[in-house]
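What follows is one structure encoded as structure tokens, with my remarks underneath.
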Amino acid sequence: MSPASFQIEIREGEQEGELVRFRPGERLQGSVRITPDEDLQARHVFARLRWHTEGRGDRDEAVIAEEDLYQGMLRAGTPVYYSFRFTLPNGPWSYAGHYVNIIWEVDVSIDLALARDLRDQQPFVLAPD
Amino acid sequence: MALFGVPFILIGLLLITGALWRSVAGVKIMPPVVSVSNPNPMVGETIRVQWELGFRTGVTLQDGRVELLFRESASYTQGTDHRTDTHEEIEEFNELPIGEMEPGKNLQGHTDFTIPATGMHSFKAENNQLAWLLRLRVNVMEWPDLEDEFELDVQPQRAWGS
């Protein structure tokens with residue numbers, strides 16, 4: 001059981017199946033609601049714009065942008081909200097192939113001292129018209 | 001179209017597969033020369049490919065093609081082995097003339113290929129690659145085949161109306 005729950009919401013974009021799609025160069029905005037189940041001393045709460053590969057090959061990944069949303073105490077049972085905003089790059093475009101898939105996502109993590117980071121992701125599609 | 005008015009970029013690629021081919025196939029066939037109108041096209045863009053083959057001796061070409069292909073490459077570690085799997089799709093091809101070629105003769109031509117408008121751009125990461133390639137394949141009677149490739153760097157932009 002994770003000591004915190006995340007709800008990442010990406011606003012705007014065009015619905016494409018279960019995901020939202022953005023065009024290269026567009027602005028992606030959203031927010032995250034974090035509800036700790038216990039007091040957490042966050043060294044940082046990060047929102048990261050990133051892509052990674054899935055498929056036959058070993059994983060490749062890159063963080064394109066990062067926002068430091070918060071540093072400090074997160075109180076048990078008290079939901080907190082943070083917003084984030086990124087400008088999307090030209091590529092790589094989202095891709096689903098035979099051996100290679102490219103997945104874009106917003107990754108939110110709580111950086112804790114002497115403990116594994118807590119994190120959640122919300123994928124989206126980056127593709128032109 | 002204006003696209004073809006753009007001066008050809010002389011890439012002057014000598015497409016040679018390796019030392020073996022150089023020493024064997026090169027006895028009869030000169031290294032092919034391929035040039036393209038734009039080696040960095042956008043997705044949906046049409047490019048013109050010019051090719052030239054020269055023959056040192058008389059040969060009989062049984063089959064030959066210029067191909068536009070898309071290749072996925074995925075590298076992974078399995079135990080102590082590092083392996084790479086590939087998947088190719090030939091998007092377009094153009095047959096080369098076949099038959100007997102005289103010594104000193106040059107075979108040349110051109111073809112237009114279009115990167116599919118719904119396609120993907122080139123992508124290179126450490127373990128995963130998506131590549132667009134021009135491949136020249138020539139099947140020579142009673143002689144090692146010639147096969148070589150030139151990679152295009154397809155840009156993450158769409159070409160509309162090309």
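Going through the structure tokens in order, the chains are called A, B, and so on, while each chain numbers its residues from 1 and the ligands are numbered from 1 in the order shown.
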
Inset, instruction - At a cut-off of 10 Å, list the chain A residues touching chain B, using only C-alpha atoms, as a PyMOL selection string. - result: chain A and resi 24+53-62+90-102+127-129

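Excluding Asp37 of chain A itself and same-chain residues fewer than 5 positions from it, the residues having an atom within 6 Å of it are Pro3, Ala4, Ala76 and Gly77 of chain A, counting only C-alpha atoms.
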
Legend entry - Best match for closeness to Leu19 of chain A among A:Ala47, A:Ala113, A:Ile103, A:Val80, counting only C-alpha atoms: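 Among the listed residues, A:Ile103 lies closest to Leu19 of chain A.
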
Legend entry - Closest of A:Leu88, A:Ile10, A:Ala65, A:Val108 to Gly25 of chain A - atom-to-atom distances counting only C-alpha atoms: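 Of the candidates, the smallest distance to Gly25 of chain A is held by A:Leu88.
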
Legend entry - Distance criterion (only C-alpha atoms): nearest to Phe124 of chain A out of A:Arg11, A:Arg43, A:Arg21, A:Arg75: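 Of the candidates, the smallest distance to Phe124 of chain A is held by A:Arg21.
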
Legend entry - Of the listed residues A:Leu28, A:Val125, A:Leu112, A:Leu69, that which approaches Val45 of chain A most closely, counting only C-alpha atoms: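 So, comparing all the options, the nearest one is A:Leu69.
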
Inset, instruction - To one decimal in Å, tell me the separation between atom CA of Asp120 of chain A and atom CA of Ser2 of chain A. - result: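 Between these atoms lies a distance of 10.7 Å.
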
Inset, instruction - Within 10 Å of Ser83 of chain A, counting only C-alpha atoms, which residues show up once you throw out same-chain ones fewer than 4 positions away? Write them as JSON, numbers by chain, please. - result: {"A": [8, 9, 10, 29, 30, 31, 32, 33, 47, 67, 69]}

Inset, instruction - Using DSSP on the backbone coordinates, identify the residues of segment 2-161 of chain B assigned to strand (DSSP E or B); present them as number ranges by chain. - result: B: 9-14, 29, 33-36, 42-43, 46-55, 59-78, 81-95, 99-101, 106-114, 123-124, 128-140, 146-152, 155-158

Inset, instruction - Please return as a PyMOL selection string: the residues of chain B that backbone DSSP assigns to helix (DSSP H, G or I). - result: chain B and resi 2-5+19-23+25-27

Legend entry - For Phe6 of chain A, the nearest of the candidates A:Tyr70, A:Phe22, A:Tyr81, A:Phe86, counting only C-alpha atoms: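 Among A:Tyr70, A:Phe22, A:Tyr81, A:Phe86, it is A:Tyr81 that comes nearest to Phe6 of chain A.
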
Inset, instruction - Just the residues within 9 Å of Gly64 of chain B, please, counting only C-alpha atoms, with nothing from its chain fewer than 3 positions along; format it as a PyMOL selection string. - result: chain B and resi 61+94-98+136-140

Selection from above, C-alpha atoms, as a PDB file, in the first residue's frame, can you write it?
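Once everything was written out, this is part-v3.pdb:
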```
ATOM      1  CA  LEU B  61      21.653  -8.745 -63.926  1.00  0.00           C
ATOM      2  CA  ASN B  94      11.367   0.462 -58.218  1.00  0.00           C
ATOM      3  CA  GLU B  95      12.674  -2.305 -60.451  1.00  0.00           C
ATOM      4  CA  LEU B  96      16.022  -1.806 -62.139  1.00  0.00           C
ATOM      5  CA  PRO B  97      16.600  -2.850 -65.727  1.00  0.00           C
ATOM      6  CA  ILE B  98      17.872  -6.392 -66.005  1.00  0.00           C
ATOM      7  CA  LEU B 136      19.826  -0.937 -53.565  1.00  0.00           C
ATOM      8  CA  ARG B 137      19.740  -4.644 -54.342  1.00  0.00           C
ATOM      9  CA  VAL B 138      21.225  -6.223 -57.429  1.00  0.00           C
ATOM     10  CA  ASN B 139      21.218  -9.928 -58.159  1.00  0.00           C
ATOM     11  CA  VAL B 140      24.089 -10.812 -60.477  1.00  0.00           C
TER      12      VAL B 140
END
```

Inset, instruction - Tell me, in Å to one decimal, how far atom CA of Gln121 of chain A is from atom CA of Arg85 of chain A. - result: 15.0 Å

Legend entry - Selection: 7 Å around Thr114 of chain B, only C-alpha atoms, excl. self and same-chain fewer than 2 positions, as an NGL selection string: :B and (44-47 or 112 or 116)

Suppose we keep C-alpha atoms; can you now write the selection as a PDB file, in the first residue's frame?
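The resulting again00.pdb:
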```pdb
ATOM      1  CA  GLY B  44       4.913  12.992 -46.267  1.00  0.00           C
ATOM      2  CA  GLU B  45       7.627  14.495 -48.452  1.00  0.00           C
ATOM      3  CA  THR B  46       8.521  13.126 -51.868  1.00  0.00           C
ATOM      4  CA  ILE B  47      12.190  12.744 -52.687  1.00  0.00           C
ATOM      5  CA  ASP B 112      10.494   9.224 -56.727  1.00  0.00           C
ATOM      6  CA  PRO B 116       4.090   8.035 -46.069  1.00  0.00           C
TER       7      PRO B 116
END
```

Inset, instruction - Rank nothing, just name the residue among B:Val33, B:Met101, B:Val27, B:Leu107 nearest to Thr60 of chain B, using only C-alpha atoms. - result: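 Between B:Val33, B:Met101, B:Val27, B:Leu107, the residue approaching Thr60 of chain B most closely is B:Met101.
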
Inset, instruction - State, in Å with one decimal place, the distance from atom CA of Thr57 of chain B to atom CA of Glu102 of chain B. - result: 6.7 Å
